file entry.cif (mmCIF, C-alpha atoms)
data_query
#
loop_
_atom_site.group_PDB
_atom_site.id
_atom_site.type_symbol
_atom_site.label_atom_id
_atom_site.label_comp_id
_atom_site.auth_asym_id
_atom_site.auth_seq_id
_atom_site.Cartn_x
_atom_site.Cartn_y
_atom_site.Cartn_z
ATOM 1 C CA MET A 1 97.491 122.377 73.077
ATOM 2 C CA PRO A 2 96.635 118.868 74.327
ATOM 3 C CA ASP A 3 94.448 116.702 72.091
ATOM 4 C CA PHE A 4 91.501 114.945 73.767
ATOM 5 C CA SER A 5 88.558 112.844 72.599
ATOM 6 C CA THR A 6 85.840 114.215 74.917
ATOM 7 C CA LEU A 7 86.865 117.820 75.491
ATOM 8 C CA ARG A 8 89.236 120.530 74.438
ATOM 9 C CA ILE A 9 91.127 123.206 76.320
ATOM 10 C CA THR A 10 92.569 126.395 74.889
ATOM 11 C CA GLN A 11 93.627 129.817 76.067
ATOM 12 C CA ASP A 12 91.003 132.452 75.366
ATOM 13 C CA ALA A 13 91.809 134.349 72.182
ATOM 14 C CA THR A 14 91.129 137.734 73.779
ATOM 15 C CA ASN A 15 92.560 137.113 77.244
ATOM 16 C CA PRO A 16 95.192 134.344 77.376
ATOM 17 C CA ARG A 17 95.128 134.485 81.182
ATOM 18 C CA ILE A 18 91.825 132.602 80.883
ATOM 19 C CA ALA A 19 91.800 128.939 79.819
ATOM 20 C CA ARG A 20 88.563 127.535 78.411
ATOM 21 C CA LEU A 21 87.796 123.863 78.993
ATOM 22 C CA LEU A 22 84.980 122.766 76.684
ATOM 23 C CA LEU A 23 83.167 119.474 77.312
ATOM 24 C CA ASN A 24 82.811 118.467 73.696
ATOM 25 C CA ARG A 25 80.437 115.570 73.036
ATOM 26 C CA PRO A 26 77.416 117.634 72.002
ATOM 27 C CA GLU A 27 75.819 114.727 70.146
ATOM 28 C CA ARG A 28 75.586 112.963 73.552
ATOM 29 C CA LEU A 29 74.807 116.109 75.604
ATOM 30 C CA ASN A 30 78.462 115.981 76.715
ATOM 31 C CA ALA A 31 77.745 112.773 78.616
ATOM 32 C CA ILE A 32 80.550 111.282 80.681
ATOM 33 C CA ASN A 33 82.272 108.198 79.271
ATOM 34 C CA ASP A 34 85.309 106.292 80.528
ATOM 35 C CA ALA A 35 87.698 108.885 79.068
ATOM 36 C CA THR A 36 86.031 112.062 80.346
ATOM 37 C CA PRO A 37 87.233 112.109 83.981
ATOM 38 C CA ARG A 38 90.833 111.325 82.984
ATOM 39 C CA GLU A 39 90.792 114.024 80.323
ATOM 40 C CA ILE A 40 89.398 116.622 82.738
ATOM 41 C CA ARG A 41 92.304 115.942 85.082
ATOM 42 C CA ALA A 42 94.826 116.065 82.244
ATOM 43 C CA ALA A 43 93.349 119.333 80.945
ATOM 44 C CA ILE A 44 93.561 120.913 84.392
ATOM 45 C CA ASP A 45 97.141 119.683 84.740
ATOM 46 C CA TRP A 46 97.916 121.405 81.446
ATOM 47 C CA ALA A 47 96.296 124.675 82.583
ATOM 48 C CA ASN A 48 98.296 124.600 85.804
ATOM 49 C CA SER A 49 101.513 124.061 83.853
ATOM 50 C CA GLU A 50 100.905 127.188 81.746
ATOM 51 C CA ASP A 51 102.245 130.205 83.643
ATOM 52 C CA GLU A 52 100.156 132.637 81.595
ATOM 53 C CA VAL A 53 96.879 130.986 82.673
ATOM 54 C CA HIS A 54 95.322 132.326 85.893
ATOM 55 C CA VAL A 55 91.757 130.943 85.771
ATOM 56 C CA VAL A 56 89.852 128.171 83.973
ATOM 57 C CA VAL A 57 86.293 128.413 82.617
ATOM 58 C CA VAL A 58 84.535 125.042 82.237
ATOM 59 C CA GLU A 59 81.611 124.914 79.778
ATOM 60 C CA GLY A 60 79.680 122.544 77.548
ATOM 61 C CA ALA A 61 79.244 122.418 73.784
ATOM 62 C CA GLY A 62 75.792 122.278 72.221
ATOM 63 C CA LYS A 63 72.526 122.256 74.151
ATOM 64 C CA GLY A 64 73.833 121.954 77.691
ATOM 65 C CA PHE A 65 76.688 121.693 80.160
ATOM 66 C CA CYS A 66 76.651 117.940 80.836
ATOM 67 C CA GLY A 67 73.807 115.431 80.970
ATOM 68 C CA GLY A 68 75.589 113.046 83.356
ATOM 69 C CA TYR A 69 77.023 109.602 82.695
ATOM 70 C CA ASP A 70 76.512 108.193 79.212
ATOM 71 C CA LEU A 71 73.642 105.788 79.757
ATOM 72 C CA THR A 72 74.236 103.967 76.487
ATOM 73 C CA MET A 73 77.419 102.739 78.203
ATOM 74 C CA PHE A 74 76.288 102.328 81.806
ATOM 75 C CA GLY A 75 72.516 101.924 81.768
ATOM 76 C CA GLU A 76 71.296 99.944 78.777
ATOM 77 C CA GLY A 77 72.127 96.436 77.651
ATOM 78 C CA ARG A 78 73.693 93.567 79.578
ATOM 79 C CA ILE A 79 77.136 95.118 79.794
ATOM 80 C CA ASP A 80 79.445 94.257 82.675
ATOM 81 C CA HIS A 81 81.366 97.289 83.859
ATOM 82 C CA PRO A 82 83.225 97.998 87.116
ATOM 83 C CA CYS A 83 80.522 100.470 88.154
ATOM 84 C CA GLN A 84 77.518 98.504 86.847
ATOM 85 C CA GLN A 85 78.140 94.815 87.165
ATOM 86 C CA GLU A 86 75.990 92.045 85.722
ATOM 87 C CA ARG A 87 78.090 89.340 87.341
ATOM 88 C CA HIS A 88 77.124 87.994 90.763
ATOM 89 C CA PRO A 89 78.010 88.490 93.474
ATOM 90 C CA TRP A 90 78.637 92.185 92.983
ATOM 91 C CA ASP A 91 82.224 93.237 93.789
ATOM 92 C CA PRO A 92 81.851 96.471 95.786
ATOM 93 C CA MET A 93 85.562 97.265 95.876
ATOM 94 C CA SER A 94 85.894 97.063 92.090
ATOM 95 C CA ASP A 95 82.957 99.465 91.862
ATOM 96 C CA TYR A 96 84.434 101.733 94.539
ATOM 97 C CA ALA A 97 87.875 101.850 92.902
ATOM 98 C CA TYR A 98 86.399 102.882 89.551
ATOM 99 C CA MET A 99 84.058 105.538 90.930
ATOM 100 C CA LYS A 100 86.579 106.876 93.439
ATOM 101 C CA ARG A 101 89.037 107.416 90.610
ATOM 102 C CA ASN A 102 86.383 109.342 88.689
ATOM 103 C CA THR A 103 85.631 111.404 91.793
ATOM 104 C CA GLU A 104 89.309 112.231 92.243
ATOM 105 C CA ASP A 105 89.547 113.227 88.580
ATOM 106 C CA PHE A 106 86.548 115.568 88.910
ATOM 107 C CA MET A 107 88.097 116.959 92.090
ATOM 108 C CA SER A 108 91.112 118.115 90.102
ATOM 109 C CA LEU A 109 88.905 121.120 89.359
ATOM 110 C CA TRP A 110 88.607 121.757 93.110
ATOM 111 C CA ARG A 111 92.263 121.033 93.936
ATOM 112 C CA SER A 112 93.640 123.128 91.077
ATOM 113 C CA PRO A 113 95.668 126.062 92.444
ATOM 114 C CA LYS A 114 94.077 128.139 89.701
ATOM 115 C CA PRO A 115 90.382 128.991 90.209
ATOM 116 C CA THR A 116 87.789 127.194 88.107
ATOM 117 C CA ILE A 117 84.430 128.599 87.007
ATOM 118 C CA ALA A 118 81.553 126.454 85.728
ATOM 119 C CA LYS A 119 79.523 128.215 83.037
ATOM 120 C CA VAL A 120 76.223 126.334 82.941
ATOM 121 C CA HIS A 121 73.547 126.419 80.266
ATOM 122 C CA GLY A 122 70.956 123.737 79.600
ATOM 123 C CA TYR A 123 71.416 120.941 82.129
ATOM 124 C CA ALA A 124 74.138 120.051 84.599
ATOM 125 C CA ALA A 125 72.495 116.768 85.544
ATOM 126 C CA ALA A 126 73.588 113.871 87.753
ATOM 127 C CA GLY A 127 77.329 113.342 87.122
ATOM 128 C CA GLY A 128 77.311 116.643 85.243
ATOM 129 C CA SER A 129 76.378 118.386 88.469
ATOM 130 C CA ASP A 130 79.392 116.725 90.116
ATOM 131 C CA ILE A 131 81.629 118.378 87.516
ATOM 132 C CA ALA A 132 79.955 121.765 87.954
ATOM 133 C CA LEU A 133 80.092 121.677 91.752
ATOM 134 C CA CYS A 134 83.760 120.676 91.813
ATOM 135 C CA CYS A 135 84.447 124.043 90.210
ATOM 136 C CA ASP A 136 85.062 126.915 92.615
ATOM 137 C CA LEU A 137 82.447 129.241 91.178
ATOM 138 C CA LEU A 138 79.211 128.718 89.271
ATOM 139 C CA VAL A 139 77.587 131.080 86.774
ATOM 140 C CA MET A 140 74.274 129.875 85.342
ATOM 141 C CA ALA A 141 71.757 130.897 82.751
ATOM 142 C CA ASP A 142 68.424 131.735 84.386
ATOM 143 C CA ASP A 143 66.763 128.847 82.572
ATOM 144 C CA ALA A 144 69.573 126.311 83.125
ATOM 145 C CA HIS A 145 68.945 123.432 85.535
ATOM 146 C CA ILE A 146 71.168 121.614 87.977
ATOM 147 C CA GLY A 147 70.383 118.574 90.100
ATOM 148 C CA TYR A 148 70.995 114.898 90.811
ATOM 149 C CA MET A 149 67.826 113.102 89.742
ATOM 150 C CA PRO A 150 69.243 109.576 90.388
ATOM 151 C CA THR A 151 69.021 110.164 94.142
ATOM 152 C CA ARG A 152 65.456 108.839 93.673
ATOM 153 C CA VAL A 153 66.944 105.514 92.597
ATOM 154 C CA TRP A 154 70.254 104.243 91.143
ATOM 155 C CA GLY A 155 72.665 106.905 92.327
ATOM 156 C CA CYS A 156 74.402 108.931 95.040
ATOM 157 C CA PRO A 157 76.536 111.990 94.130
ATOM 158 C CA THR A 158 80.064 110.769 94.788
ATOM 159 C CA THR A 159 81.634 114.204 95.200
ATOM 160 C CA ALA A 160 79.243 114.924 98.114
ATOM 161 C CA MET A 161 79.447 118.619 97.286
ATOM 162 C CA TRP A 162 75.784 119.509 97.795
ATOM 163 C CA THR A 163 75.957 119.930 101.573
ATOM 164 C CA TYR A 164 79.188 121.910 101.434
ATOM 165 C CA ARG A 165 77.817 124.224 98.750
ATOM 166 C CA LEU A 166 74.224 124.570 100.007
ATOM 167 C CA GLY A 167 74.071 123.620 103.666
ATOM 168 C CA PRO A 168 72.220 120.631 105.117
ATOM 169 C CA THR A 169 68.608 121.810 104.786
ATOM 170 C CA ARG A 170 68.681 122.619 101.070
ATOM 171 C CA ALA A 171 70.926 119.634 100.321
ATOM 172 C CA LYS A 172 68.480 117.273 102.015
ATOM 173 C CA GLN A 173 65.606 118.726 100.015
ATOM 174 C CA LEU A 174 67.336 118.012 96.716
ATOM 175 C CA MET A 175 68.697 114.609 97.761
ATOM 176 C CA PHE A 176 65.310 113.436 99.106
ATOM 177 C CA THR A 177 63.347 114.563 96.027
ATOM 178 C CA GLY A 178 65.779 114.225 93.118
ATOM 179 C CA ASP A 179 64.494 117.590 91.915
ATOM 180 C CA THR A 180 66.488 120.019 89.817
ATOM 181 C CA ILE A 181 66.575 123.773 90.364
ATOM 182 C CA ASP A 182 66.905 126.478 87.750
ATOM 183 C CA GLY A 183 69.601 129.117 87.611
ATOM 184 C CA LYS A 184 67.528 131.776 89.360
ATOM 185 C CA THR A 185 66.808 129.470 92.281
ATOM 186 C CA ALA A 186 70.429 128.319 92.425
ATOM 187 C CA ALA A 187 71.531 131.953 92.785
ATOM 188 C CA GLN A 188 68.856 132.664 95.413
ATOM 189 C CA TRP A 189 69.969 129.628 97.405
ATOM 190 C CA GLY A 190 73.634 130.602 97.178
ATOM 191 C CA LEU A 191 74.621 127.638 95.027
ATOM 192 C CA ALA A 192 75.373 129.803 91.976
ATOM 193 C CA ASN A 193 77.386 132.991 92.224
ATOM 194 C CA GLU A 194 75.272 134.576 89.529
ATOM 195 C CA ALA A 195 72.333 133.757 87.257
ATOM 196 C CA VAL A 196 71.692 135.782 84.120
ATOM 197 C CA PRO A 197 69.603 135.500 80.951
ATOM 198 C CA ALA A 198 71.076 132.909 78.592
ATOM 199 C CA SER A 199 72.017 135.637 76.113
ATOM 200 C CA GLU A 200 74.219 137.252 78.788
ATOM 201 C CA LEU A 201 75.876 134.098 80.138
ATOM 202 C CA GLU A 202 79.052 134.383 78.084
ATOM 203 C CA ALA A 203 79.601 138.042 78.962
ATOM 204 C CA ALA A 204 78.880 137.551 82.670
ATOM 205 C CA THR A 205 81.181 134.540 82.962
ATOM 206 C CA MET A 206 84.045 136.178 81.115
ATOM 207 C CA LYS A 207 83.687 139.384 83.115
ATOM 208 C CA LEU A 208 84.130 137.406 86.322
ATOM 209 C CA ALA A 209 86.993 135.372 84.848
ATOM 210 C CA ALA A 210 88.776 138.511 83.641
ATOM 211 C CA ARG A 211 88.455 140.112 87.079
ATOM 212 C CA ILE A 212 90.024 137.040 88.683
ATOM 213 C CA ALA A 213 92.683 136.783 85.977
ATOM 214 C CA GLY A 214 94.205 140.112 87.069
ATOM 215 C CA VAL A 215 95.148 138.716 90.479
ATOM 216 C CA PRO A 216 98.631 137.156 90.887
ATOM 217 C CA ARG A 217 98.617 133.368 90.632
ATOM 218 C CA ASN A 218 100.169 132.837 94.050
ATOM 219 C CA HIS A 219 97.527 134.993 95.731
ATOM 220 C CA LEU A 220 94.762 133.030 94.034
ATOM 221 C CA ALA A 221 96.345 129.746 95.107
ATOM 222 C CA MET A 222 96.712 130.833 98.733
ATOM 223 C CA HIS A 223 93.155 132.141 99.068
ATOM 224 C CA LYS A 224 91.761 128.998 97.445
ATOM 225 C CA MET A 225 93.827 126.811 99.747
ATOM 226 C CA VAL A 226 92.447 128.558 102.838
ATOM 227 C CA VAL A 227 88.806 128.087 101.767
ATOM 228 C CA ASN A 228 89.394 124.481 100.681
ATOM 229 C CA GLN A 229 91.065 123.722 104.017
ATOM 230 C CA VAL A 230 87.863 124.715 105.817
ATOM 231 C CA MET A 231 85.914 122.187 103.715
ATOM 232 C CA LEU A 232 88.541 119.514 104.413
ATOM 233 C CA ALA A 233 88.352 120.225 108.140
ATOM 234 C CA MET A 234 84.577 119.761 107.913
ATOM 235 C CA GLY A 235 85.182 116.231 106.619
ATOM 236 C CA LEU A 236 84.840 116.508 102.838
ATOM 237 C CA GLU A 237 87.163 113.591 102.073
ATOM 238 C CA GLN A 238 85.372 111.299 104.516
ATOM 239 C CA SER A 239 81.995 112.328 103.077
ATOM 240 C CA GLN A 240 83.201 111.459 99.588
ATOM 241 C CA GLN A 241 84.375 108.019 100.680
ATOM 242 C CA MET A 242 80.935 107.252 102.107
ATOM 243 C CA ALA A 243 79.089 108.745 99.135
ATOM 244 C CA THR A 244 81.169 106.781 96.625
ATOM 245 C CA LEU A 245 80.540 103.517 98.477
ATOM 246 C CA PHE A 246 76.821 104.281 98.767
ATOM 247 C CA ASP A 247 76.670 105.100 95.053
ATOM 248 C CA GLY A 248 77.700 101.534 94.272
ATOM 249 C CA ILE A 249 75.132 100.154 96.696
ATOM 250 C CA THR A 250 72.312 102.181 95.118
ATOM 251 C CA ARG A 251 73.099 100.643 91.736
ATOM 252 C CA HIS A 252 73.200 97.038 92.961
ATOM 253 C CA ASN A 253 70.592 96.824 95.723
ATOM 254 C CA PRO A 254 67.098 95.519 94.818
ATOM 255 C CA GLU A 255 65.826 98.982 93.888
ATOM 256 C CA GLY A 256 68.837 99.760 91.706
ATOM 257 C CA LEU A 257 68.717 96.386 89.993
ATOM 258 C CA TRP A 258 64.980 96.843 89.365
ATOM 259 C CA PHE A 259 65.690 100.183 87.713
ATOM 260 C CA ARG A 260 68.306 98.660 85.442
ATOM 261 C CA ARG A 261 66.148 95.667 84.508
ATOM 262 C CA TYR A 262 63.247 97.992 83.741
ATOM 263 C CA ALA A 263 65.533 100.129 81.561
ATOM 264 C CA GLN A 264 66.755 97.031 79.733
ATOM 265 C CA ALA A 265 63.214 95.798 79.139
ATOM 266 C CA GLU A 266 61.400 99.054 78.387
ATOM 267 C CA GLY A 267 64.198 101.445 77.407
ATOM 268 C CA PHE A 268 66.037 103.954 79.495
ATOM 269 C CA LYS A 269 63.676 106.769 78.588
ATOM 270 C CA ALA A 270 60.766 104.862 80.122
ATOM 271 C CA ALA A 271 62.794 104.083 83.243
ATOM 272 C CA VAL A 272 63.777 107.733 83.672
ATOM 273 C CA GLU A 273 60.182 108.851 83.151
ATOM 274 C CA TRP A 274 59.085 106.523 85.985
ATOM 275 C CA ARG A 275 61.926 107.684 88.232
ATOM 276 C CA ASP A 276 61.244 111.385 87.726
ATOM 277 C CA SER A 277 57.435 111.216 87.698
ATOM 278 C CA GLY A 278 57.038 110.903 91.450
ATOM 279 C CA ARG A 279 55.529 107.405 91.192
ATOM 280 C CA PRO A 280 56.628 105.155 94.054
ATOM 281 C CA ILE A 281 59.803 103.237 93.245
ATOM 282 C CA PRO A 282 59.441 99.463 93.806
ATOM 283 C CA GLU A 283 61.521 98.411 96.792
ATOM 284 C CA GLY A 284 62.485 95.338 98.765
ATOM 285 C CA ASP A 285 60.446 92.224 97.959
ATOM 286 C CA GLU A 286 58.299 94.101 95.443
ATOM 287 C CA ALA A 287 61.443 95.105 93.552
ATOM 288 C CA ARG A 288 62.747 91.523 93.645
ATOM 289 C CA GLU A 289 59.458 90.192 92.290
ATOM 290 C CA GLN A 290 59.461 92.693 89.442
ATOM 291 C CA ILE A 291 63.119 91.892 88.688
ATOM 292 C CA ARG A 292 62.212 88.229 88.230
ATOM 293 C CA ALA A 293 59.305 89.133 85.971
ATOM 294 C CA LEU A 294 61.429 91.504 83.881
ATOM 295 C CA GLU A 295 64.221 88.935 83.551
ATOM 296 C CA ALA A 296 61.715 86.268 82.491
ATOM 297 C CA ARG A 297 60.256 88.643 79.911
ATOM 298 C CA SER A 298 63.718 89.428 78.558
ATOM 299 C CA ALA A 299 64.597 85.711 78.417
ATOM 300 C CA GLY A 300 61.425 85.062 76.406
ATOM 301 C CA LYS A 301 62.537 87.586 73.810
ATOM 302 C CA LEU A 302 65.865 85.837 73.213
#
call {"tool": "encode", "arguments": {"input": "entry.cif", "output": "structure tokens"}}
result
Amino acid sequence: MPDFSTLRITQDATNPRIARLLLNRPERLNAINDATPREIRAAIDWANSEDEVHVVVVEGAGKGFCGGYDLTMFGEGRIDHPCQQERHPWDPMSDYAYMKRNTEDFMSLWRSPKPTIAKVHGYAAAGGSDIALCCDLLVMADDAHIGYMPTRVWGCPTTAMWTYRLGPTRAKQLMFTGDTIDGKTAAQWGLANEAVPASELEAATMKLAARIAGVPRNHLAMHKMVVNQVMLAMGLEQSQQMATLFDGITRHNPEGLWFRRYAQAEGFKAAVEWRDSGRPIPEGDEAREQIRALEARSAGKL
């Protein structure tokens, strides 16, 4: 089996036709770091190279599926990173190249000839929802939550999957509010294939995986290709290009820079509490004024 730093993949002990990809940074709520997207792609490549494997279940260790990008790397401190630059002027193409590569790595779950099933407990938040929605099918615990809270400020989901999975009306509701929905609602809206009590999540997911695993690999690949082609014809790749570019803009425009400066000054927990509370987000000149005040405060502490 391949050896990774952020996840592991194995064949199920009971049914080797099922591969199990475990996001495995439970101490960080399986948050995404620089290695995670690459390792997801490599794990899926491995599953596709194993003739015995017919389907892949993607799940998270510990309290949840995935809490999004690791904010100790991307959100706090004066780090300079391709996707969160401190240098000026901001280089949008460096940002785009980094995030587009991550998007393509997550999309290996969608492109895989072998079906992928996201098994979601706890939270599939922000970038974690990108991973879940790149999977073909979604099984959730009733009390699990999925959503992209940074649409309120400092983010745009680069995989652009919400509209294709939910339709425009529901997608707009979640993108405009930054709200999350629980497993029951996700199933009612057609986002999740099934929502069950948390105690039944393992059994429900494996029952579905086992049913799929009995189908010949070439049949699975052909049926998946037909459905994916419809999404491509609807413009999925073009939507992802726009979303990935806009994601960089949201992190470097006045509102995004305000959010980062506030997180640096007050801590990321305080910044997230403001973002998710429903309080108005400072914008335009107000954001610029607060940025100057926050930078002056930080300079005074040095």
call {"tool": "resolve_selection", "arguments": {"input": "entry.cif", "expression": "the PyMOL selection byres ((chain A and resi 135) around 7)", "output": "short mmCIF file (atom, residue, chain, number, x, y, z; two decimals) with C-alpha atoms, keeping the file's coordinate frame"}}
result
data_model
loop_
_atom_site.label_atom_id
_atom_site.label_comp_id
_atom_site.auth_asym_id
_atom_site.auth_seq_id
_atom_site.Cartn_x
_atom_site.Cartn_y
_atom_site.Cartn_z
CA LEU A 109 88.90 121.12 89.36
CA TRP A 110 88.61 121.76 93.11
CA THR A 116 87.79 127.19 88.11
CA ILE A 117 84.43 128.60 87.01
CA ALA A 118 81.55 126.45 85.73
CA ILE A 131 81.63 118.38 87.52
CA ALA A 132 79.96 121.76 87.95
CA LEU A 133 80.09 121.68 91.75
CA CYS A 134 83.76 120.68 91.81
CA ASP A 136 85.06 126.92 92.62
CA LEU A 137 82.45 129.24 91.18
#
call {"tool": "residues_around", "arguments": {"input": "entry.cif", "residues": "Met1 in chain A", "least_positions_apart": "6", "cutoff": "9 Å", "atoms": "only C-alpha atoms", "output": "list of chain:residue names"}}
result
A:Arg8, A:Ile9, A:Thr10, A:Gln11, A:Trp46
call {"tool": "closest_residue", "arguments": {"input": "entry.cif", "among": "A:Trp154, A:Ala187, A:Arg217, A:Val272", "to": "Gly256 in chain A", "atoms": "all atoms listed in the file"}}
result
A:Trp154
call {"tool": "residues_near_point", "arguments": {"input": "entry.cif", "point": "(84.7, 96.5, 82.7)", "cutoff": "12 Å", "atoms": "only C-alpha atoms", "output": "PyMOL selection string"}}
result
chain A and resi 34+73-74+78-87+91+94-95+97-98
call {"tool": "closest_residue", "arguments": {"input": "entry.cif", "among": "A:Leu208, A:Gly67, A:Met140, A:Arg25", "to": "Gln188 in chain A", "atoms": "all atoms listed in the file"}}
result
A:Met140
call {"tool": "residues_near_point", "arguments": {"input": "entry.cif", "point": "(78.9, 125.4, 104.8)", "cutoff": "12 Å", "atoms": "only C-alpha atoms", "output": "ChimeraX atom specification"}}
result
/A:161-171,190-191,227-228,230-236
call {"tool": "closest_residue", "arguments": {"input": "entry.cif", "among": "A:Met206, A:Val153, A:Met99, A:Ala296", "to": "Ala271 in chain A", "atoms": "only C-alpha atoms"}}
result
A:Val153
call {"tool": "residues_around", "arguments": {"input": "entry.cif", "residues": "Pro2 in chain A", "least_positions_apart": "3", "cutoff": "12 Å", "atoms": "all atoms listed in the file", "output": "short mmCIF file (atom, residue, chain, number, x, y, z; two decimals) with C-alpha atoms, in the coordinates of the input"}}
result
data_model
loop_
_atom_site.label_atom_id
_atom_site.label_comp_id
_atom_site.auth_asym_id
_atom_site.auth_seq_id
_atom_site.Cartn_x
_atom_site.Cartn_y
_atom_site.Cartn_z
CA SER A 5 88.56 112.84 72.60
CA THR A 6 85.84 114.22 74.92
CA LEU A 7 86.86 117.82 75.49
CA ARG A 8 89.24 120.53 74.44
CA ILE A 9 91.13 123.21 76.32
CA THR A 10 92.57 126.40 74.89
CA GLN A 11 93.63 129.82 76.07
CA LEU A 21 87.80 123.86 78.99
CA GLU A 39 90.79 114.02 80.32
CA ILE A 40 89.40 116.62 82.74
CA ARG A 41 92.30 115.94 85.08
CA ALA A 42 94.83 116.06 82.24
CA ALA A 43 93.35 119.33 80.94
CA ILE A 44 93.56 120.91 84.39
CA ASP A 45 97.14 119.68 84.74
CA TRP A 46 97.92 121.40 81.45
CA ALA A 47 96.30 124.68 82.58
CA SER A 49 101.51 124.06 83.85
CA GLU A 50 100.90 127.19 81.75
#
call {"tool": "resolve_selection", "arguments": {"input": "entry.cif", "expression": "the PyMOL selection byres ((chain A and resi 200) around 12)", "output": "PDB file with C-alpha atoms, keeping the file's coordinate frame"}}
result
ATOM      1  CA  LYS A 119      79.523 128.215  83.037  1.00  0.00           C
ATOM      2  CA  VAL A 120      76.223 126.334  82.941  1.00  0.00           C
ATOM      3  CA  HIS A 121      73.547 126.419  80.266  1.00  0.00           C
ATOM      4  CA  VAL A 139      77.587 131.080  86.774  1.00  0.00           C
ATOM      5  CA  MET A 140      74.274 129.875  85.342  1.00  0.00           C
ATOM      6  CA  ALA A 141      71.757 130.897  82.751  1.00  0.00           C
ATOM      7  CA  ASP A 142      68.424 131.735  84.386  1.00  0.00           C
ATOM      8  CA  ASP A 143      66.763 128.847  82.572  1.00  0.00           C
ATOM      9  CA  GLU A 194      75.272 134.576  89.529  1.00  0.00           C
ATOM     10  CA  ALA A 195      72.333 133.757  87.257  1.00  0.00           C
ATOM     11  CA  VAL A 196      71.692 135.782  84.120  1.00  0.00           C
ATOM     12  CA  PRO A 197      69.603 135.500  80.951  1.00  0.00           C
ATOM     13  CA  ALA A 198      71.076 132.909  78.592  1.00  0.00           C
ATOM     14  CA  SER A 199      72.017 135.637  76.113  1.00  0.00           C
ATOM     15  CA  LEU A 201      75.876 134.098  80.138  1.00  0.00           C
ATOM     16  CA  GLU A 202      79.052 134.383  78.084  1.00  0.00           C
ATOM     17  CA  ALA A 203      79.601 138.042  78.962  1.00  0.00           C
ATOM     18  CA  ALA A 204      78.880 137.551  82.670  1.00  0.00           C
ATOM     19  CA  THR A 205      81.181 134.540  82.962  1.00  0.00           C
ATOM     20  CA  MET A 206      84.045 136.178  81.115  1.00  0.00           C
ATOM     21  CA  LYS A 207      83.687 139.384  83.115  1.00  0.00           C
TER      22      LYS A 207
END
call {"tool": "resolve_selection", "arguments": {"input": "entry.cif", "expression": "the PyMOL selection byres ((chain A and resi 102) around 9)", "output": "PyMOL selection string"}}
result
chain A and resi 34+36-38+97-101+103-107+158
call {"tool": "atom_distance", "arguments": {"input": "entry.cif", "atom1": "CA of Arg279 in chain A", "atom2": "CA of Arg251 in chain A"}}
result
18.8 Å
call {"tool": "closest_residue", "arguments": {"input": "entry.cif", "among": "A:Thr244, A:Asn253, A:Thr177, A:Ser239", "to": "Pro89 in chain A", "atoms": "all atoms listed in the file"}}
result
A:Asn253
